[in-house]
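Data from start-v8.cif: mmCIF, C-alpha atoms
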```cif
data_start
#
loop_
_atom_site.group_PDB
_atom_site.id
_atom_site.type_symbol
_atom_site.label_atom_id
_atom_site.label_comp_id
_atom_site.auth_asym_id
_atom_site.auth_seq_id
_atom_site.Cartn_x
_atom_site.Cartn_y
_atom_site.Cartn_z
ATOM 1 C CA MET A 16 -13.170 -24.523 10.551
ATOM 2 C CA ASP A 17 -13.517 -26.089 14.011
ATOM 3 C CA LEU A 18 -14.464 -23.598 16.724
ATOM 4 C CA TYR A 19 -13.905 -24.135 20.454
ATOM 5 C CA LYS A 20 -14.577 -21.991 23.505
ATOM 6 C CA ILE A 21 -11.983 -22.213 26.267
ATOM 7 C CA ASP A 22 -13.701 -22.137 29.676
ATOM 8 C CA GLY A 23 -11.665 -22.869 32.793
ATOM 9 C CA GLY A 24 -8.987 -24.544 30.723
ATOM 10 C CA LYS A 25 -11.555 -26.834 29.057
ATOM 11 C CA ALA A 26 -12.281 -26.724 25.331
ATOM 12 C CA LYS A 27 -15.966 -26.786 24.389
ATOM 13 C CA TYR A 28 -16.734 -27.656 20.758
ATOM 14 C CA PHE A 29 -19.232 -25.518 18.834
ATOM 15 C CA LYS A 30 -21.133 -27.516 16.253
ATOM 16 C CA PRO A 31 -21.458 -25.756 12.860
ATOM 17 C CA LYS A 32 -24.927 -24.678 11.827
ATOM 18 C CA GLU A 33 -25.906 -25.966 8.417
ATOM 19 C CA LEU A 34 -27.981 -23.884 5.991
ATOM 20 C CA THR A 35 -29.804 -25.728 3.231
ATOM 21 C CA GLY A 36 -31.777 -24.728 0.152
ATOM 22 C CA PRO A 37 -33.459 -21.395 -0.621
ATOM 23 C CA LYS A 38 -34.559 -20.898 2.987
ATOM 24 C CA GLY A 39 -30.977 -21.195 4.185
ATOM 25 C CA GLU A 40 -29.769 -18.754 1.529
ATOM 26 C CA LYS A 41 -32.413 -16.236 2.618
ATOM 27 C CA GLU A 42 -31.307 -16.556 6.237
ATOM 28 C CA LEU A 43 -27.702 -15.953 5.213
ATOM 29 C CA GLN A 44 -28.705 -12.990 3.034
ATOM 30 C CA GLY A 45 -30.658 -11.350 5.852
ATOM 31 C CA LEU A 46 -27.766 -11.745 8.280
ATOM 32 C CA VAL A 47 -25.221 -10.256 5.865
ATOM 33 C CA GLU A 48 -27.422 -7.366 4.697
ATOM 34 C CA LYS A 49 -28.045 -6.242 8.278
ATOM 35 C CA ASN A 50 -24.294 -6.189 8.931
ATOM 36 C CA LEU A 51 -22.752 -5.256 5.559
ATOM 37 C CA LYS A 52 -20.705 -2.371 6.916
ATOM 38 C CA GLU A 53 -19.258 -4.376 9.791
ATOM 39 C CA LEU A 54 -18.604 -7.558 7.773
ATOM 40 C CA PHE A 55 -17.403 -6.206 4.419
ATOM 41 C CA GLY A 56 -17.131 -2.430 4.752
ATOM 42 C CA LEU A 57 -19.976 -1.962 2.232
ATOM 43 C CA THR A 58 -23.120 0.164 2.167
ATOM 44 C CA PHE A 59 -26.402 -1.666 1.572
ATOM 45 C CA ILE A 60 -28.391 -0.285 -1.384
ATOM 46 C CA GLU A 61 -31.215 -2.725 -2.215
ATOM 47 C CA SER A 62 -32.311 -6.360 -2.110
ATOM 48 C CA GLU A 63 -33.240 -8.229 -5.286
ATOM 49 C CA LEU A 64 -33.232 -5.261 -7.655
ATOM 50 C CA LYS A 65 -34.905 -6.356 -10.878
ATOM 51 C CA LEU A 66 -32.517 -6.060 -13.817
ATOM 52 C CA GLN A 67 -33.933 -7.388 -17.086
ATOM 53 C CA ARG A 68 -35.838 -10.256 -15.439
ATOM 54 C CA LYS A 69 -32.955 -11.158 -13.142
ATOM 55 C CA GLU A 70 -32.748 -10.247 -9.464
ATOM 56 C CA PRO A 71 -29.291 -10.212 -7.864
ATOM 57 C CA ASP A 72 -29.610 -10.970 -4.150
ATOM 58 C CA THR A 73 -27.926 -7.832 -2.799
ATOM 59 C CA LEU A 74 -26.871 -4.567 -4.401
ATOM 60 C CA ALA A 75 -24.201 -2.788 -2.331
ATOM 61 C CA PHE A 76 -21.705 0.028 -2.766
ATOM 62 C CA ASP A 77 -18.077 0.362 -1.748
ATOM 63 C CA GLU A 78 -17.901 4.067 -0.876
ATOM 64 C CA GLU A 79 -14.148 4.115 -0.378
ATOM 65 C CA ASN A 80 -13.424 2.822 -3.884
ATOM 66 C CA GLY A 81 -16.530 4.086 -5.687
ATOM 67 C CA ARG A 82 -17.511 0.615 -6.896
ATOM 68 C CA VAL A 83 -20.775 -1.252 -7.227
ATOM 69 C CA VAL A 84 -20.847 -4.661 -5.538
ATOM 70 C CA VAL A 85 -23.384 -7.395 -6.286
ATOM 71 C CA ILE A 86 -23.621 -10.180 -3.698
ATOM 72 C CA GLU A 87 -25.003 -13.655 -4.357
ATOM 73 C CA TYR A 88 -25.540 -16.230 -1.597
ATOM 74 C CA LYS A 89 -25.285 -20.012 -1.787
ATOM 75 C CA ALA A 90 -26.074 -22.336 1.104
ATOM 76 C CA ASP A 91 -23.419 -24.667 -0.312
ATOM 77 C CA THR A 92 -21.268 -24.853 -3.438
ATOM 78 C CA ASP A 93 -22.678 -24.277 -6.939
ATOM 79 C CA PRO A 94 -20.443 -25.083 -9.936
ATOM 80 C CA GLY A 95 -22.478 -22.720 -12.146
ATOM 81 C CA MET A 96 -22.180 -19.661 -9.932
ATOM 82 C CA LEU A 97 -19.444 -17.946 -11.953
ATOM 83 C CA VAL A 98 -21.629 -18.075 -15.085
ATOM 84 C CA GLN A 99 -24.288 -16.363 -13.020
ATOM 85 C CA GLY A 100 -21.683 -13.842 -11.909
ATOM 86 C CA GLN A 101 -20.771 -13.008 -15.502
ATOM 87 C CA ALA A 102 -24.441 -12.284 -16.201
ATOM 88 C CA TYR A 103 -24.747 -10.010 -13.163
ATOM 89 C CA TYR A 104 -21.606 -8.086 -14.104
ATOM 90 C CA MET A 105 -22.957 -7.415 -17.591
ATOM 91 C CA LEU A 106 -26.342 -6.398 -16.162
ATOM 92 C CA VAL A 107 -24.646 -3.775 -13.977
ATOM 93 C CA LEU A 108 -22.854 -2.306 -17.007
ATOM 94 C CA GLU A 109 -26.056 -2.371 -19.075
ATOM 95 C CA ASN A 110 -28.105 -0.617 -16.367
ATOM 96 C CA LYS A 111 -25.744 2.124 -15.221
ATOM 97 C CA GLU A 112 -28.377 4.870 -15.077
ATOM 98 C CA LEU A 113 -30.784 2.852 -12.920
ATOM 99 C CA ILE A 114 -28.076 1.702 -10.543
ATOM 100 C CA LYS A 115 -26.609 5.204 -10.231
ATOM 101 C CA LEU A 116 -30.092 6.462 -9.273
ATOM 102 C CA LYS A 117 -30.356 3.768 -6.596
ATOM 103 C CA VAL A 118 -26.908 4.591 -5.191
ATOM 104 C CA GLU A 119 -27.551 8.358 -5.180
ATOM 105 C CA LYS A 120 -30.938 7.857 -3.515
ATOM 106 C CA LYS A 121 -29.057 6.217 -0.650
ATOM 107 C CA LEU A 122 -25.909 8.366 -0.541
ATOM 108 C CA GLY A 123 -26.894 11.660 -2.170
ATOM 109 C CA LYS A 124 -26.178 13.267 -5.531
ATOM 110 C CA GLY A 125 -22.770 13.449 -7.142
ATOM 111 C CA VAL A 126 -21.517 9.938 -6.331
ATOM 112 C CA ASP A 127 -18.565 9.062 -8.570
ATOM 113 C CA ILE A 128 -18.798 5.430 -9.723
ATOM 114 C CA ASP A 129 -15.860 3.528 -11.198
ATOM 115 C CA TRP A 130 -17.828 1.079 -13.349
ATOM 116 C CA GLY A 131 -14.718 -0.747 -14.504
ATOM 117 C CA SER A 132 -14.023 -1.958 -10.954
ATOM 118 C CA THR A 133 -17.510 -3.391 -10.322
ATOM 119 C CA ARG A 134 -17.340 -6.559 -8.201
ATOM 120 C CA VAL A 135 -19.504 -9.661 -7.772
ATOM 121 C CA TYR A 136 -19.157 -11.379 -4.389
ATOM 122 C CA PHE A 137 -20.214 -14.978 -3.828
ATOM 123 C CA ILE A 138 -20.810 -16.134 -0.269
ATOM 124 C CA ALA A 139 -21.051 -19.910 0.074
ATOM 125 C CA LYS A 140 -20.110 -22.785 2.356
ATOM 126 C CA ARG A 141 -17.461 -24.009 -0.099
ATOM 127 C CA PHE A 142 -16.325 -23.572 -3.710
ATOM 128 C CA ASP A 143 -15.263 -25.932 -6.486
ATOM 129 C CA ASP A 144 -11.727 -25.793 -7.898
ATOM 130 C CA PHE A 145 -12.691 -24.216 -11.235
ATOM 131 C CA SER A 146 -14.589 -21.369 -9.565
ATOM 132 C CA ILE A 147 -11.542 -20.664 -7.396
ATOM 133 C CA LEU A 148 -9.243 -20.682 -10.438
ATOM 134 C CA LEU A 149 -11.488 -18.332 -12.428
ATOM 135 C CA ALA A 150 -12.057 -15.923 -9.539
ATOM 136 C CA SER A 151 -8.303 -15.851 -8.801
ATOM 137 C CA SER A 152 -7.295 -14.996 -12.374
ATOM 138 C CA LYS A 153 -5.715 -11.595 -12.920
ATOM 139 C CA GLY A 154 -8.363 -8.951 -13.471
ATOM 140 C CA ALA A 155 -11.336 -11.170 -12.539
ATOM 141 C CA PRO A 156 -14.234 -9.133 -11.090
ATOM 142 C CA TYR A 157 -15.244 -11.830 -8.580
ATOM 143 C CA GLU A 158 -14.577 -12.467 -4.908
ATOM 144 C CA LEU A 159 -15.333 -15.772 -3.187
ATOM 145 C CA TRP A 160 -16.118 -15.749 0.545
ATOM 146 C CA ALA A 161 -16.575 -19.004 2.437
ATOM 147 C CA TYR A 162 -18.676 -18.792 5.595
ATOM 148 C CA ASP A 163 -18.835 -20.894 8.759
ATOM 149 C CA LEU A 164 -21.958 -20.408 10.859
ATOM 150 C CA TYR A 165 -22.444 -21.368 14.504
ATOM 151 C CA ASP A 166 -24.998 -20.438 17.150
ATOM 152 C CA GLY A 167 -24.064 -16.843 17.894
ATOM 153 C CA PHE A 168 -20.995 -16.793 15.602
ATOM 154 C CA ILE A 169 -20.202 -16.383 11.925
ATOM 155 C CA ALA A 170 -16.806 -16.371 10.209
ATOM 156 C CA PHE A 171 -15.789 -15.420 6.656
ATOM 157 C CA ASN A 172 -12.685 -16.417 4.744
ATOM 158 C CA LYS A 173 -11.740 -14.998 1.334
ATOM 159 C CA ILE A 174 -10.894 -17.877 -1.000
ATOM 160 C CA GLU A 175 -8.268 -17.387 -3.692
ATOM 161 C CA GLU A 176 -5.548 -19.353 -5.421
ATOM 162 C CA LYS A 177 -2.371 -17.306 -4.955
ATOM 163 C CA LYS A 178 -0.556 -19.137 -7.753
ATOM 164 C CA SER A 179 -3.171 -18.327 -10.375
ATOM 165 C CA ARG A 180 -2.067 -15.316 -12.423
ATOM 166 C CA ILE A 181 -3.745 -16.233 -15.716
ATOM 167 C CA ALA A 182 -5.488 -13.163 -17.136
ATOM 168 C CA TYR A 183 -9.268 -13.266 -16.846
ATOM 169 C CA SER A 184 -9.539 -11.865 -20.391
ATOM 170 C CA THR A 185 -7.652 -14.939 -21.620
ATOM 171 C CA LEU A 186 -9.992 -17.367 -19.851
ATOM 172 C CA VAL A 187 -13.161 -15.819 -21.312
ATOM 173 C CA GLN A 188 -11.730 -15.079 -24.761
ATOM 174 C CA GLY A 189 -13.937 -16.388 -27.548
ATOM 175 C CA GLN A 190 -16.853 -17.370 -25.297
ATOM 176 C CA SER A 191 -19.272 -14.827 -26.779
ATOM 177 C CA PRO A 192 -19.350 -11.223 -28.078
ATOM 178 C CA LYS A 193 -20.824 -10.134 -24.742
ATOM 179 C CA MET A 194 -18.041 -11.777 -22.792
ATOM 180 C CA GLU A 195 -15.421 -10.158 -25.042
ATOM 181 C CA ARG A 196 -16.995 -6.770 -24.303
ATOM 182 C CA LEU A 197 -17.125 -7.554 -20.600
ATOM 183 C CA SER A 198 -13.426 -8.399 -20.431
ATOM 184 C CA LYS A 199 -12.563 -5.089 -22.131
ATOM 185 C CA GLU A 200 -14.637 -3.071 -19.635
ATOM 186 C CA ILE A 201 -12.895 -4.560 -16.609
ATOM 187 C CA GLN A 202 -10.091 -2.414 -15.221
ATOM 188 C CA THR A 203 -7.196 -4.216 -13.547
ATOM 189 C CA TYR A 204 -5.621 -2.400 -10.626
ATOM 190 C CA ASP A 205 -2.600 -4.021 -9.019
ATOM 191 C CA LEU A 206 0.673 -3.001 -7.389
ATOM 192 C CA ASP A 207 2.385 -2.369 -10.733
ATOM 193 C CA TYR A 208 -0.499 -0.120 -11.846
ATOM 194 C CA HIS A 209 0.220 2.246 -8.948
ATOM 195 C CA LEU A 210 4.015 2.040 -8.869
ATOM 196 C CA LYS A 211 4.460 2.922 -12.534
ATOM 197 C CA LYS A 212 2.917 6.335 -11.819
ATOM 198 C CA THR A 213 5.969 7.441 -9.871
ATOM 199 C CA LYS A 214 9.744 7.442 -10.228
ATOM 200 C CA GLU A 215 12.020 4.585 -9.172
ATOM 201 C CA GLU A 216 13.374 6.401 -6.120
ATOM 202 C CA LEU A 217 9.868 6.789 -4.713
ATOM 203 C CA ARG A 218 9.000 3.184 -5.512
ATOM 204 C CA ASN A 219 11.856 2.127 -3.255
ATOM 205 C CA VAL A 220 10.725 4.554 -0.566
ATOM 206 C CA PHE A 221 7.193 3.192 -0.744
ATOM 207 C CA GLU A 222 8.489 -0.362 -0.279
ATOM 208 C CA GLN A 223 10.042 0.762 3.011
ATOM 209 C CA TYR A 224 6.705 2.135 4.201
ATOM 210 C CA ARG A 225 4.893 -0.945 2.918
ATOM 211 C CA SER A 226 7.125 -3.315 4.900
ATOM 212 C CA ALA A 227 6.849 -1.242 8.070
ATOM 213 C CA ILE A 228 3.051 -0.851 7.908
ATOM 214 C CA THR A 229 2.321 -4.536 7.253
ATOM 215 C CA ALA A 230 4.579 -5.345 10.213
ATOM 216 C CA PHE A 231 2.137 -3.569 12.552
ATOM 217 C CA GLY A 232 0.248 -6.861 12.808
ATOM 218 C CA PRO A 233 -0.981 -9.906 10.853
ATOM 219 C CA GLU A 234 -4.458 -8.393 10.662
ATOM 220 C CA VAL A 235 -3.291 -5.459 8.488
ATOM 221 C CA VAL A 236 -4.670 -5.834 4.955
ATOM 222 C CA GLU A 237 -3.173 -4.145 1.888
ATOM 223 C CA VAL A 238 -5.756 -3.122 -0.729
ATOM 224 C CA VAL A 239 -4.299 -2.513 -4.200
ATOM 225 C CA ASP A 240 -7.230 -3.362 -6.499
ATOM 226 C CA GLN A 241 -8.557 0.195 -6.658
ATOM 227 C CA LYS A 242 -8.057 3.076 -9.042
ATOM 228 C CA THR A 243 -6.967 5.885 -6.754
ATOM 229 C CA GLY A 244 -4.129 4.367 -4.725
ATOM 230 C CA ILE A 245 -3.174 1.784 -2.101
ATOM 231 C CA THR A 246 -4.992 1.491 1.218
ATOM 232 C CA TYR A 247 -4.112 -0.271 4.466
ATOM 233 C CA ARG A 248 -6.927 -1.556 6.649
ATOM 234 C CA ASN A 249 -7.332 -3.144 10.047
ATOM 235 C CA ASN A 250 -10.631 -4.571 11.313
ATOM 236 C CA LYS A 251 -12.284 -3.463 8.019
ATOM 237 C CA VAL A 252 -11.285 0.144 8.751
ATOM 238 C CA SER A 253 -8.830 2.048 6.543
ATOM 239 C CA PHE A 254 -6.174 3.960 8.440
ATOM 240 C CA VAL A 255 -3.713 5.081 5.742
ATOM 241 C CA PHE A 256 -3.898 5.718 1.998
ATOM 242 C CA PHE A 257 -1.045 6.221 -0.499
ATOM 243 C CA LYS A 258 -1.688 8.209 -3.674
ATOM 244 C CA PHE A 259 1.114 8.014 -6.240
ATOM 245 C CA GLY A 260 2.379 11.037 -8.146
ATOM 246 C CA VAL A 261 5.386 11.595 -10.373
ATOM 247 C CA LYS A 262 7.292 13.722 -7.840
ATOM 248 C CA CYS A 263 5.802 12.691 -4.502
ATOM 249 C CA LEU A 264 3.512 10.349 -2.591
ATOM 250 C CA ASP A 265 0.454 11.806 -0.909
ATOM 251 C CA VAL A 266 -0.017 9.903 2.351
ATOM 252 C CA GLN A 267 -3.427 10.438 3.939
ATOM 253 C CA PHE A 268 -4.195 8.937 7.323
ATOM 254 C CA LYS A 269 -6.541 8.840 10.297
ATOM 255 C CA GLU A 270 -6.018 11.139 13.253
ATOM 256 C CA LYS A 271 -6.159 9.528 16.662
ATOM 257 C CA GLY A 272 -7.458 11.430 19.675
ATOM 258 C CA GLY A 273 -4.463 13.136 21.249
ATOM 259 C CA PHE A 274 -2.594 13.047 17.923
ATOM 260 C CA VAL A 275 1.001 14.245 18.184
ATOM 261 C CA ASP A 276 3.141 15.514 15.280
ATOM 262 C CA PRO A 277 6.350 16.761 16.946
ATOM 263 C CA LYS A 278 7.954 18.054 13.743
ATOM 264 C CA GLY A 279 4.810 19.445 12.117
ATOM 265 C CA LEU A 280 5.161 17.249 9.024
ATOM 266 C CA SER A 281 1.443 16.768 8.357
ATOM 267 C CA ARG A 282 -1.455 19.092 7.681
ATOM 268 C CA ASP A 283 -5.143 18.960 8.541
ATOM 269 C CA ILE A 284 -7.394 17.854 5.621
ATOM 270 C CA LYS A 285 -10.686 17.286 7.474
ATOM 271 C CA SER A 286 -12.420 19.956 5.373
ATOM 272 C CA ASN A 287 -11.825 17.922 2.199
ATOM 273 C CA GLU A 288 -14.122 15.114 3.495
ATOM 274 C CA TRP A 289 -11.901 12.421 1.988
ATOM 275 C CA GLY A 290 -12.339 10.115 4.975
ATOM 276 C CA TYR A 291 -8.887 10.922 6.373
ATOM 277 C CA GLU A 292 -7.870 13.723 8.708
ATOM 278 C CA ARG A 293 -4.155 14.282 7.995
ATOM 279 C CA LEU A 294 -1.872 14.489 4.953
ATOM 280 C CA VAL A 295 1.893 14.328 4.566
ATOM 281 C CA LYS A 296 3.784 14.548 1.280
ATOM 282 C CA VAL A 297 6.707 12.161 0.815
ATOM 283 C CA ASP A 298 9.378 12.937 -1.792
ATOM 284 C CA SER A 299 12.340 11.033 -0.289
ATOM 285 C CA ALA A 300 13.330 8.692 2.541
ATOM 286 C CA VAL A 301 14.004 11.706 4.781
ATOM 287 C CA HIS A 302 11.758 11.750 7.888
ATOM 288 C CA PHE A 303 10.868 8.060 7.411
ATOM 289 C CA ASP A 304 10.933 7.312 11.158
ATOM 290 C CA ASP A 305 9.022 10.499 11.982
ATOM 291 C CA ILE A 306 6.281 9.722 9.456
ATOM 292 C CA MET A 307 6.044 6.105 10.613
ATOM 293 C CA TYR A 308 5.420 7.496 14.107
ATOM 294 C CA LEU A 309 2.404 9.348 12.673
ATOM 295 C CA LEU A 310 1.157 6.286 10.778
ATOM 296 C CA ARG A 311 1.476 4.151 13.892
ATOM 297 C CA GLN A 312 -0.928 6.542 15.605
ATOM 298 C CA ALA A 313 -3.303 6.168 12.636
ATOM 299 C CA TYR A 314 -3.133 2.383 12.943
ATOM 300 C CA GLU A 315 -4.027 2.647 16.624
ATOM 301 C CA THR A 316 -7.368 4.266 15.678
ATOM 302 C CA THR A 317 -8.463 0.818 14.398
ATOM 303 C CA LEU A 318 -7.562 -1.181 17.544
#
```
Please express what this file holds, its structure, as C-alpha cells.
Amino acid sequence: MDLYKIDGGKAKYFKPKELTGPKGEKELQGLVEKNLKELFGLTFIESELKLQRKEPDTLAFDEENGRVVVIEYKADTDPGMLVQGQAYYMLVLENKELIKLKVEKKLGKGVDIDWGSTRVYFIAKRFDDFSILLASSKGAPYELWAYDLYDGFIAFNKIEEKKSRIAYSTLVQGQSPKMERLSKEIQTYDLDYHLKKTKEELRNVFEQYRSAITAFGPEVVEVVDQKTGITYRNNKVSFVFFKFGVKCLDVQFKEKGGFVDPKGLSRDIKSNEWGYERLVKVDSAVHFDDIMYLLRQAYETTL
C-alpha cells in the first residue's frame, strides 16, 4: 500500500519500513503486544508461553467472544506458517487447564472459554496463495493479517479469499489422526448458524436491521463467527449485538451520553455487565424505525 501525506496540496510519499529476520519479527511483536486492544480488540495474556517445547509468540484473549487467540509474527511470507498454526491450535486444546489459569490470572476467576472457537492469527508482510486458500476455507481457525509499516504509521489488512468456501475439515481430512481430531473440535459459526435458531418471519426482520446498520458507513464490520450471536463494530468497538431466539431477537446496544428513547422501547441492562447498556426485544417489524433511531445513537458512541 502506497501512503502519501497531503500538505498544502502537495503529496509527500512515505517510504515503507522493511522488517527482516528474527529481529524484525521481535520489533513487530513488541509493537502489536503494546497495542493489542487498540489494533485487534484483544487482551494481552503472555509472550512466548512454553507449551510442550513450543513457544507461540503471543497468547491473547478475545473477551467479547470468550476465545483464546494465538498470534504468530513473520517479517515476510512463510509458506510453512499454516502447518505451524495447526500445531499451535492443537497445543491450545491439549493445554486447556494451563491456559485457563493464565487467562484467569489476568482477568479474574470464572472466565468462560469457548475452546472450539480458538483462533490463530498470522501477521506478516504478505502471504502465499495456498495459505490464503486454507485460511479462507469454511471453518478454518486462522486469520491472516498483512501489515504495512512506515515511520510513525502502521496499517493492517485482513487477507481472505471470498470465493473459497471449501470446508476446512475437507482440506485436512486424512492428514493425520491429530488433524482429524482437530477438525472435529473446531466449531463453525456463520450467518446460517444464527438464523436457524429463529423463525422465518424474524429472519426477514433481521435482514432489514442488517441492511440498515451496515449502511451507517463502510467502516461498520459484521461479526458472525461467534457462538452467542451477531455483533456490529466500528473502530474495533462493538455497538450492537443480536442474540437469536425462537420467538424474539434480543438486541443489546451501547448507550450514548444524552441517550433518548422517546417511546420507552428499551430497558437498562448495565447491572448485567454484558458490555452493553440497553436491551430491546424484537418480535416483529413493528417499531423498526424507532429501534433504528436507538441503534443509530449506539453507533455514534464509536465515532
Correct to one decimal, the distance atom CA of Val275 of chain A-atom CA of Pro233 of chain A is 25.3 Å
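Atom to atom, atom CA of Glu176 of chain A and atom CA of Ile147 of chain A stand 6.4 Å apart.
Distances here use only C-alpha atoms; by that measure, the residue among A:Ala102, A:Leu122, A:Val236, A:Ala90 closest to Glu42 of chain A is A:Ala90.
Between Glu112 of chain A and the candidates A:Gly244, A:Cys263, A:Trp130, A:Tyr183, the tightest atom-to-atom separation, counting all atoms listed in the file, involves A:Trp130.
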Find the residues near Leu74 of chain A: any atom within 9 Å, counting only C-alpha atoms, skip ones fewer than 4 places away on the same chain, and give them as a CSV table (one decimal) with C-alpha atoms, in the coordinates of the input.
```csv
chain,number,residue,atom,x,y,z
A,58,THR,CA,-23.1,0.2,2.2
A,59,PHE,CA,-26.4,-1.7,1.6
A,60,ILE,CA,-28.4,-0.3,-1.4
A,61,GLU,CA,-31.2,-2.7,-2.2
A,62,SER,CA,-32.3,-6.4,-2.1
A,63,GLU,CA,-33.2,-8.2,-5.3
A,64,LEU,CA,-33.2,-5.3,-7.7
A,83,VAL,CA,-20.8,-1.3,-7.2
A,84,VAL,CA,-20.8,-4.7,-5.5
A,85,VAL,CA,-23.4,-7.4,-6.3
A,86,ILE,CA,-23.6,-10.2,-3.7
A,114,ILE,CA,-28.1,1.7,-10.5
```
May I have a table of the residues of segment 66-151 of chain A lying at most 12 Å from segment 200-216 of chain A, giving each one's closest pair of atoms and their distance in Å to one decimal, counting only C-alpha atoms, ordered by chain and ascending residue number, as a Markdown table?
```
| residue | atom | partner | partner_atom | distance |
| --- | --- | --- | --- | --- |
| A:Asn80 | CA | A:Tyr204 | CA | 11.6 |
| A:Arg82 | CA | A:Gln202 | CA | 11.6 |
| A:Gln101 | CA | A:Ile201 | CA | 11.6 |
| A:Tyr104 | CA | A:Ile201 | CA | 9.7 |
| A:Met105 | CA | A:Glu200 | CA | 9.6 |
| A:Val107 | CA | A:Glu200 | CA | 11.5 |
| A:Leu108 | CA | A:Glu200 | CA | 8.7 |
| A:Glu109 | CA | A:Glu200 | CA | 11.5 |
| A:Asp129 | CA | A:Gln202 | CA | 9.2 |
| A:Trp130 | CA | A:Ile201 | CA | 8.2 |
| A:Gly131 | CA | A:Ile201 | CA | 4.7 |
| A:Ser132 | CA | A:Gln202 | CA | 5.8 |
| A:Thr133 | CA | A:Ile201 | CA | 7.9 |
| A:Arg134 | CA | A:Ile201 | CA | 9.7 |
```
Taking (-3.4, 10.8, 9.8) in the file's own coordinates, collect the residues within 10 Å, counting all atoms listed in the file, and hand them back as a PyMOL selection string.
chain A and resi 254-256+266-271+274+276+281-284+291-295+306+309-314+316
Here's the selection I'm unsure about, the PyMOL selection byres ((chain A and resi 18-21) around 12); applied to the file above, which residues does it give, as an MDAnalysis selection string?
chainID A and resid 16:17 22:32 163:170
